[in-house]
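Dropping input.cif in here (mmCIF, N, CA and C atoms):
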data_target
#
loop_
_atom_site.label_atom_id
_atom_site.label_comp_id
_atom_site.auth_asym_id
_atom_site.auth_seq_id
_atom_site.Cartn_x
_atom_site.Cartn_y
_atom_site.Cartn_z
N MET A 770 106.91 95.03 96.24
CA MET A 770 106.16 94.17 97.12
C MET A 770 106.91 92.86 97.28
N GLN A 771 107.04 92.42 98.51
CA GLN A 771 107.73 91.17 98.78
C GLN A 771 106.80 89.98 98.52
N PRO A 772 107.36 88.85 98.08
CA PRO A 772 106.52 87.66 97.90
C PRO A 772 105.98 87.20 99.26
N PRO A 773 104.78 86.58 99.27
CA PRO A 773 104.24 86.13 100.55
C PRO A 773 105.11 85.05 101.17
N ARG A 774 105.19 85.08 102.50
CA ARG A 774 105.92 84.03 103.22
C ARG A 774 105.17 82.71 103.09
N GLU A 775 105.90 81.64 103.21
CA GLU A 775 105.28 80.32 103.13
C GLU A 775 104.26 80.13 104.25
N HIS A 776 104.53 80.73 105.42
CA HIS A 776 103.65 80.61 106.56
C HIS A 776 103.18 82.00 106.98
N PRO A 777 102.11 82.52 106.37
CA PRO A 777 101.64 83.88 106.70
C PRO A 777 101.24 83.98 108.17
N VAL A 778 101.43 85.18 108.73
CA VAL A 778 101.06 85.39 110.12
C VAL A 778 100.25 86.67 110.33
N THR A 779 100.23 87.58 109.37
CA THR A 779 99.48 88.82 109.51
C THR A 779 98.34 88.85 108.50
N VAL A 780 97.39 89.74 108.72
CA VAL A 780 96.28 89.92 107.78
C VAL A 780 96.82 90.26 106.40
N ALA A 781 97.79 91.16 106.34
CA ALA A 781 98.37 91.55 105.05
C ALA A 781 99.02 90.36 104.35
N GLU A 782 99.68 89.49 105.11
CA GLU A 782 100.31 88.32 104.50
C GLU A 782 99.28 87.31 104.00
N PHE A 783 98.17 87.14 104.72
CA PHE A 783 97.11 86.26 104.23
C PHE A 783 96.47 86.84 102.97
N ALA A 784 96.25 88.15 102.95
CA ALA A 784 95.72 88.78 101.74
C ALA A 784 96.71 88.63 100.59
N GLY A 785 98.01 88.76 100.87
CA GLY A 785 99.02 88.57 99.84
C GLY A 785 99.07 87.14 99.34
N LEU A 786 98.90 86.17 100.24
CA LEU A 786 98.85 84.77 99.83
C LEU A 786 97.68 84.56 98.87
N ALA A 787 96.52 85.09 99.20
CA ALA A 787 95.34 84.95 98.33
C ALA A 787 95.58 85.61 96.98
N ARG A 788 96.19 86.80 96.96
CA ARG A 788 96.49 87.49 95.69
C ARG A 788 97.48 86.67 94.87
N SER A 789 98.46 86.08 95.54
CA SER A 789 99.46 85.28 94.84
C SER A 789 98.83 84.05 94.19
N ILE A 790 97.97 83.36 94.92
CA ILE A 790 97.28 82.19 94.36
C ILE A 790 96.38 82.63 93.20
N ALA A 791 95.64 83.71 93.39
CA ALA A 791 94.73 84.20 92.35
C ALA A 791 95.48 84.55 91.07
N ALA A 792 96.65 85.14 91.22
CA ALA A 792 97.43 85.58 90.05
C ALA A 792 98.01 84.41 89.25
N ASP A 793 98.20 83.27 89.89
CA ASP A 793 98.76 82.11 89.22
C ASP A 793 97.65 81.13 88.86
N ARG A 794 96.98 81.40 87.74
CA ARG A 794 95.82 80.60 87.33
C ARG A 794 96.15 79.11 87.19
N SER A 795 97.42 78.77 86.95
CA SER A 795 97.79 77.37 86.79
C SER A 795 97.59 76.58 88.10
N GLN A 796 97.51 77.29 89.23
CA GLN A 796 97.30 76.62 90.52
C GLN A 796 95.85 76.18 90.72
N TRP A 797 94.91 76.86 90.05
CA TRP A 797 93.51 76.60 90.38
C TRP A 797 92.57 76.44 89.19
N GLU A 798 92.88 77.07 88.06
CA GLU A 798 91.91 77.13 86.96
C GLU A 798 91.44 75.74 86.50
N HIS A 799 92.35 74.78 86.39
CA HIS A 799 92.00 73.44 85.93
C HIS A 799 91.17 72.65 86.94
N LEU A 800 91.08 73.13 88.17
CA LEU A 800 90.34 72.43 89.22
C LEU A 800 88.88 72.89 89.34
N VAL A 801 88.58 74.09 88.87
CA VAL A 801 87.24 74.66 89.06
C VAL A 801 86.21 73.87 88.26
N ALA A 802 85.12 73.52 88.93
CA ALA A 802 83.99 72.84 88.29
C ALA A 802 82.72 73.59 88.68
N TYR A 803 81.73 73.55 87.81
CA TYR A 803 80.46 74.23 88.08
C TYR A 803 79.37 73.17 88.19
N ASP A 804 78.53 73.29 89.21
CA ASP A 804 77.47 72.32 89.48
C ASP A 804 76.17 73.09 89.69
N ALA A 805 75.19 72.83 88.84
CA ALA A 805 73.91 73.55 88.92
C ALA A 805 73.07 73.13 90.12
N THR A 806 73.38 71.99 90.74
CA THR A 806 72.56 71.51 91.85
C THR A 806 73.07 71.92 93.22
N THR A 807 74.35 72.21 93.33
CA THR A 807 74.92 72.60 94.63
C THR A 807 76.17 73.44 94.41
N ARG A 808 76.50 74.26 95.39
CA ARG A 808 77.73 75.03 95.27
C ARG A 808 78.92 74.08 95.37
N TRP A 809 79.82 74.16 94.43
CA TRP A 809 80.99 73.30 94.38
C TRP A 809 82.11 73.93 95.19
N ASN A 810 82.92 73.10 95.88
CA ASN A 810 84.10 73.63 96.57
C ASN A 810 85.19 72.58 96.54
N HIS A 811 86.42 73.05 96.70
CA HIS A 811 87.60 72.17 96.66
C HIS A 811 88.67 72.75 97.58
N LEU A 812 89.17 71.92 98.49
CA LEU A 812 90.26 72.36 99.36
C LEU A 812 91.54 72.41 98.53
N LEU A 813 92.04 73.61 98.30
CA LEU A 813 93.18 73.82 97.42
C LEU A 813 94.51 73.65 98.15
N ARG A 814 94.59 74.18 99.36
CA ARG A 814 95.86 74.20 100.06
C ARG A 814 95.61 74.33 101.56
N THR A 815 96.51 73.75 102.34
CA THR A 815 96.51 73.98 103.78
C THR A 815 97.92 74.38 104.19
N GLY A 816 97.99 75.08 105.28
CA GLY A 816 99.28 75.48 105.84
C GLY A 816 99.15 75.50 107.34
N PRO A 817 100.12 76.05 108.03
CA PRO A 817 100.05 76.07 109.49
C PRO A 817 98.83 76.87 109.97
N GLY A 818 97.76 76.16 110.28
CA GLY A 818 96.56 76.80 110.82
C GLY A 818 95.61 77.37 109.81
N TYR A 819 95.90 77.32 108.52
CA TYR A 819 94.99 77.91 107.55
C TYR A 819 94.59 76.91 106.47
N GLU A 820 93.48 77.26 105.80
CA GLU A 820 92.99 76.50 104.65
C GLU A 820 92.66 77.47 103.52
N ALA A 821 92.91 77.05 102.29
CA ALA A 821 92.54 77.83 101.11
C ALA A 821 91.58 76.98 100.28
N TRP A 822 90.38 77.50 100.06
CA TRP A 822 89.32 76.79 99.35
C TRP A 822 88.97 77.49 98.05
N LEU A 823 88.70 76.70 97.01
CA LEU A 823 88.11 77.19 95.77
C LEU A 823 86.61 76.96 95.85
N LEU A 824 85.82 77.92 95.42
CA LEU A 824 84.37 77.76 95.33
C LEU A 824 83.91 78.21 93.96
N SER A 825 82.88 77.55 93.43
CA SER A 825 82.30 78.02 92.18
C SER A 825 80.84 78.38 92.42
N TRP A 826 80.34 79.24 91.55
CA TRP A 826 79.01 79.81 91.70
C TRP A 826 78.36 79.91 90.32
N VAL A 827 77.32 79.13 90.06
CA VAL A 827 76.56 79.33 88.83
C VAL A 827 75.57 80.45 89.10
N PRO A 828 75.00 81.05 88.06
CA PRO A 828 74.04 82.13 88.28
C PRO A 828 72.94 81.72 89.27
N GLY A 829 72.70 82.59 90.24
CA GLY A 829 71.66 82.37 91.23
C GLY A 829 72.11 81.65 92.48
N GLN A 830 73.27 81.02 92.47
CA GLN A 830 73.74 80.32 93.67
C GLN A 830 74.25 81.31 94.70
N GLY A 831 74.03 80.98 95.98
CA GLY A 831 74.49 81.83 97.05
C GLY A 831 74.85 81.01 98.29
N SER A 832 75.49 81.65 99.21
CA SER A 832 75.96 80.99 100.42
C SER A 832 74.92 80.94 101.52
N GLY A 833 73.91 81.79 101.44
CA GLY A 833 73.04 82.01 102.60
C GLY A 833 73.79 82.90 103.58
N LEU A 834 73.06 83.52 104.45
CA LEU A 834 73.63 84.44 105.44
C LEU A 834 74.34 83.63 106.52
N HIS A 835 75.62 83.96 106.78
CA HIS A 835 76.41 83.15 107.71
C HIS A 835 77.60 83.95 108.24
N ASP A 836 78.24 83.40 109.26
CA ASP A 836 79.56 83.89 109.66
C ASP A 836 80.51 82.70 109.58
N HIS A 837 81.72 82.85 110.06
CA HIS A 837 82.73 81.80 109.91
C HIS A 837 83.25 81.31 111.26
N GLY A 838 82.35 81.34 112.25
CA GLY A 838 82.75 80.87 113.57
C GLY A 838 83.94 81.66 114.08
N ARG A 839 84.97 80.96 114.53
CA ARG A 839 86.15 81.63 115.11
C ARG A 839 87.20 81.98 114.07
N SER A 840 86.90 81.74 112.78
CA SER A 840 87.89 81.98 111.72
C SER A 840 87.81 83.39 111.16
N SER A 841 88.98 83.92 110.82
CA SER A 841 89.09 85.12 110.00
C SER A 841 89.24 84.66 108.57
N GLY A 842 89.04 85.55 107.61
CA GLY A 842 89.15 85.09 106.23
C GLY A 842 89.48 86.18 105.24
N VAL A 843 89.86 85.70 104.05
CA VAL A 843 90.09 86.56 102.90
C VAL A 843 89.34 85.92 101.74
N LEU A 844 88.41 86.66 101.15
CA LEU A 844 87.66 86.22 99.98
C LEU A 844 88.22 86.96 98.78
N THR A 845 88.58 86.24 97.73
CA THR A 845 89.10 86.86 96.51
C THR A 845 88.31 86.31 95.32
N VAL A 846 87.76 87.19 94.50
CA VAL A 846 87.00 86.76 93.32
C VAL A 846 87.99 86.43 92.21
N LEU A 847 87.91 85.20 91.71
CA LEU A 847 88.82 84.73 90.67
C LEU A 847 88.26 84.90 89.27
N VAL A 848 86.97 84.64 89.11
CA VAL A 848 86.29 84.68 87.82
C VAL A 848 84.91 85.28 88.03
N GLY A 849 84.49 86.18 87.17
CA GLY A 849 83.14 86.71 87.24
C GLY A 849 82.97 87.79 88.29
N THR A 850 81.71 87.98 88.70
CA THR A 850 81.35 88.98 89.70
C THR A 850 80.41 88.34 90.71
N LEU A 851 80.67 88.59 91.98
CA LEU A 851 79.81 88.13 93.06
C LEU A 851 79.23 89.34 93.78
N THR A 852 78.14 89.14 94.49
CA THR A 852 77.55 90.18 95.32
C THR A 852 77.68 89.76 96.77
N GLU A 853 78.19 90.68 97.61
CA GLU A 853 78.27 90.43 99.04
C GLU A 853 77.22 91.29 99.74
N ARG A 854 76.42 90.65 100.60
CA ARG A 854 75.41 91.36 101.38
C ARG A 854 75.78 91.26 102.84
N THR A 855 75.74 92.41 103.53
CA THR A 855 76.03 92.48 104.96
C THR A 855 74.97 93.34 105.63
N GLY A 856 75.09 93.51 106.93
CA GLY A 856 74.18 94.39 107.66
C GLY A 856 74.30 95.84 107.24
N ARG A 857 75.35 96.19 106.50
CA ARG A 857 75.56 97.56 106.03
C ARG A 857 75.08 97.77 104.62
N GLY A 858 74.67 96.69 103.94
CA GLY A 858 74.19 96.83 102.57
C GLY A 858 74.78 95.76 101.68
N MET A 859 74.90 96.09 100.40
CA MET A 859 75.47 95.11 99.47
C MET A 859 76.43 95.80 98.52
N ARG A 860 77.37 95.00 98.00
CA ARG A 860 78.33 95.54 97.05
C ARG A 860 78.70 94.46 96.05
N ALA A 861 78.95 94.89 94.81
CA ALA A 861 79.43 93.98 93.77
C ALA A 861 80.92 93.77 93.97
N LEU A 862 81.35 92.52 93.80
CA LEU A 862 82.76 92.17 93.90
C LEU A 862 83.20 91.61 92.55
N PRO A 863 83.80 92.44 91.70
CA PRO A 863 84.24 91.97 90.38
C PRO A 863 85.52 91.14 90.48
N GLU A 864 85.88 90.50 89.40
CA GLU A 864 87.10 89.70 89.35
C GLU A 864 88.27 90.51 89.91
N GLY A 865 89.01 89.90 90.82
CA GLY A 865 90.15 90.57 91.45
C GLY A 865 89.81 91.25 92.77
N ALA A 866 88.52 91.46 93.05
CA ALA A 866 88.14 92.10 94.32
C ALA A 866 88.47 91.18 95.48
N GLN A 867 88.79 91.81 96.60
CA GLN A 867 89.18 91.05 97.77
C GLN A 867 88.50 91.64 99.00
N ARG A 868 88.00 90.77 99.88
CA ARG A 868 87.40 91.19 101.14
C ARG A 868 88.10 90.45 102.27
N VAL A 869 88.43 91.15 103.33
CA VAL A 869 89.07 90.57 104.50
C VAL A 869 88.08 90.71 105.65
N PHE A 870 87.93 89.65 106.45
CA PHE A 870 86.96 89.73 107.54
C PHE A 870 87.47 88.99 108.78
N ALA A 871 86.97 89.43 109.93
CA ALA A 871 87.34 88.88 111.24
C ALA A 871 86.27 87.90 111.71
N PRO A 872 86.56 87.14 112.76
CA PRO A 872 85.54 86.25 113.33
C PRO A 872 84.27 87.05 113.66
N GLY A 873 83.12 86.43 113.44
CA GLY A 873 81.85 87.09 113.73
C GLY A 873 81.31 87.94 112.60
N TYR A 874 82.05 88.10 111.51
CA TYR A 874 81.59 88.90 110.37
C TYR A 874 80.47 88.14 109.66
N VAL A 875 79.28 88.74 109.60
CA VAL A 875 78.11 88.10 109.01
C VAL A 875 77.92 88.63 107.59
N HIS A 876 77.81 87.70 106.63
CA HIS A 876 77.57 88.12 105.26
C HIS A 876 76.92 86.98 104.47
N GLU A 877 76.50 87.34 103.27
CA GLU A 877 75.97 86.40 102.30
C GLU A 877 76.66 86.72 100.99
N VAL A 878 77.06 85.69 100.26
CA VAL A 878 77.69 85.88 98.95
C VAL A 878 76.79 85.20 97.93
N VAL A 879 76.50 85.91 96.83
CA VAL A 879 75.57 85.42 95.81
C VAL A 879 76.12 85.75 94.43
N ASN A 880 75.87 84.86 93.48
CA ASN A 880 76.15 85.18 92.07
C ASN A 880 74.85 85.70 91.48
N ASP A 881 74.74 87.02 91.40
CA ASP A 881 73.55 87.69 90.86
C ASP A 881 73.64 87.92 89.35
N THR A 882 74.70 87.43 88.71
CA THR A 882 74.89 87.68 87.29
C THR A 882 74.39 86.49 86.47
N LEU A 883 74.52 86.60 85.17
CA LEU A 883 74.14 85.51 84.26
C LEU A 883 75.31 84.65 83.84
N GLU A 884 76.49 84.92 84.41
CA GLU A 884 77.70 84.16 84.08
C GLU A 884 78.22 83.44 85.33
N PRO A 885 78.87 82.30 85.16
CA PRO A 885 79.44 81.61 86.32
C PRO A 885 80.58 82.43 86.95
N ALA A 886 80.86 82.13 88.21
CA ALA A 886 81.92 82.82 88.93
C ALA A 886 82.69 81.80 89.76
N ALA A 887 83.89 82.17 90.17
CA ALA A 887 84.70 81.34 91.06
C ALA A 887 85.41 82.26 92.04
N SER A 888 85.67 81.74 93.23
CA SER A 888 86.33 82.54 94.26
C SER A 888 87.27 81.68 95.08
N LEU A 889 88.20 82.36 95.73
CA LEU A 889 89.16 81.75 96.62
C LEU A 889 88.88 82.27 98.02
N HIS A 890 88.87 81.35 99.01
CA HIS A 890 88.60 81.72 100.39
C HIS A 890 89.72 81.14 101.25
N VAL A 891 90.44 82.03 101.94
CA VAL A 891 91.51 81.60 102.85
C VAL A 891 91.02 81.87 104.27
N TYR A 892 91.01 80.83 105.10
CA TYR A 892 90.52 80.94 106.47
C TYR A 892 91.64 80.64 107.47
N TYR A 893 91.70 81.45 108.53
CA TYR A 893 92.65 81.22 109.62
C TYR A 893 91.93 81.45 110.94
N PRO A 894 91.90 80.52 111.86
CA PRO A 894 92.30 79.14 111.63
C PRO A 894 91.38 78.48 110.62
N GLY A 895 91.73 77.27 110.22
CA GLY A 895 90.90 76.55 109.25
C GLY A 895 89.44 76.57 109.65
N LEU A 896 88.56 76.58 108.67
CA LEU A 896 87.12 76.71 108.90
C LEU A 896 86.57 75.49 109.63
N THR A 897 85.93 75.73 110.77
CA THR A 897 85.31 74.65 111.53
C THR A 897 83.80 74.83 111.66
N ALA A 898 83.29 76.04 111.35
CA ALA A 898 81.85 76.30 111.49
C ALA A 898 81.45 77.42 110.55
N MET A 899 80.20 77.37 110.08
CA MET A 899 79.59 78.47 109.32
C MET A 899 78.16 78.64 109.81
N PRO A 900 78.00 79.19 111.02
CA PRO A 900 76.65 79.34 111.56
C PRO A 900 75.78 80.22 110.66
N CYS A 901 74.55 79.78 110.43
CA CYS A 901 73.59 80.55 109.63
C CYS A 901 73.00 81.65 110.49
N THR A 902 72.59 82.73 109.85
CA THR A 902 72.03 83.89 110.51
C THR A 902 70.69 84.20 109.87
N LEU A 903 69.77 84.80 110.62
CA LEU A 903 68.46 85.13 110.08
C LEU A 903 68.58 86.22 109.02
N PRO A 904 67.87 86.08 107.88
CA PRO A 904 67.96 87.07 106.80
C PRO A 904 67.58 88.48 107.21
N ALA A 905 66.78 88.66 108.24
CA ALA A 905 66.39 90.00 108.68
C ALA A 905 67.59 90.81 109.14
N ASP A 906 68.72 90.16 109.39
CA ASP A 906 69.92 90.86 109.85
C ASP A 906 70.64 91.61 108.73
N VAL A 907 70.23 91.40 107.48
CA VAL A 907 70.92 92.04 106.37
C VAL A 907 69.96 92.91 105.58
N ARG A 908 70.27 94.19 105.48
CA ARG A 908 69.52 95.09 104.63
C ARG A 908 69.96 94.89 103.20
N ARG A 909 69.12 95.11 102.26
CA ARG A 909 69.45 94.90 100.84
C ARG A 909 69.62 96.24 100.14
N THR A 910 70.47 97.09 100.71
CA THR A 910 70.73 98.40 100.11
C THR A 910 72.20 98.49 99.74
N PRO A 911 72.51 99.23 98.67
CA PRO A 911 73.93 99.34 98.25
C PRO A 911 74.79 100.03 99.30
N ILE A 912 76.03 99.59 99.40
CA ILE A 912 77.02 100.26 100.26
C ILE A 912 77.61 101.39 99.44
N ARG A 913 77.66 102.58 100.00
CA ARG A 913 78.22 103.72 99.29
C ARG A 913 79.74 103.72 99.40
N ALA A 914 80.42 104.06 98.31
CA ALA A 914 81.87 104.15 98.32
C ALA A 914 82.29 105.27 99.24
N ARG A 915 83.40 105.09 99.90
CA ARG A 915 83.92 106.12 100.82
C ARG A 915 84.97 106.94 100.14
#
Can you give me the file's structure in the form of C-alpha cells?
Amino acid sequence: MQPPREHPVTVAEFAGLARSIAADRSQWEHLVAYDATTRWNHLLRTGPGYEAWLLSWVPGQGSGLHDHGRSSGVLTVLVGTLTERTGRGMRALPEGAQRVFAPGYVHEVVNDTLEPAASLHVYYPGLTAMPCTLPADVRRTPIRAR
C-alpha cells in the first residue's frame, strides 16, 4: 500500500489519509478531551479543500440525526465503539471501523456504550453545514452483514 498523498483527491486517498492519522496516535491522542456537558471537537488538520476533526463521545452522547450539507466524509473510530443509525438501520462501529459517505448521507452517531469513545472525521470540502433531520427518517433496526 502506498502512503497517502499530501493532497488527497480520491475517496480511497481520503480514506487512506484517515487511516494514516488514526494509526499514528501521537498525532491526536494527547489532544482528545472528554466533556460530559457537550460533545467535544478539535480541528486537527486542514488541507486543500478538506478538514480533519477529532471528536470525543462520553457514554450517551450523540450527534443527532443530520447530514453534512455539500461535504463528503470519512468517519474513523479511534477509541471505543460508536453506533451509527441510518434509514437502513443501525450498526456498531468498533475501534478501527471506517465509514465513507457522500453529500446528502443522513445518519446519527451515538456512544451507546459505558466507555468513552473518540473519532476522526475528514470532510471534503470542509464542513460548512450539518442540517438536522427528523428522527422518523431513521429506523432503529440492525443492518445485516452482506
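Considering the residues A:Leu834, A:Val843, A:Val869, A:Val827 and counting only N, CA and C atoms, Pro885 (chain A) has its shortest atom-to-atom contact with A:Val827.
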Point to revise | One-decimal distance in Å that lies between CA of Leu813 (chain A) and CA of His776 (chain A) | key: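 These atoms are spaced 15.5 Å apart.
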Review point. Residues at most 8 Å from region 791-800 of chain A, counting only N, CA and C atoms, excluding those fewer than 6 positions away in the same chain, as a PyMOL selection string?
Key: chain A and resi 785+811+813+823+845-847+865+889
Check your understanding: In Å, with one decimal, what is the gap from atom C of Asp804 (chain A) to atom N of Arg868 (chain A)?
Key ->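 Interatomic distance, atom C of Asp804 (chain A) to atom N of Arg868 (chain A): 23.6 Å.
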Point to revise | Given the PyMOL selection byres ((chain A and resi 874-878) around 5), the residues it picks as a ChimeraX atom specification | key: /A:831-836,852-855,871-873,879-880
Exercise for review: Taking the file as shown, find all residues satisfying the PyMOL selection byres ((chain A and resi 841) around 6) and write them as a PyMOL selection string.
Suggested key: chain A and resi 839-840+842-843+870-872+891-894
If I wrap all listed atoms of region 860-875 of chain A in a box with edges along x, y and z and add 4 Å on each side, what are its centre and edge lengths in Å to one decimal, as JSON?
{"center_x": 83.8, "center_y": 90.9, "center_z": 101.5, "size_x": 20.8, "size_y": 17.3, "size_z": 32.4}
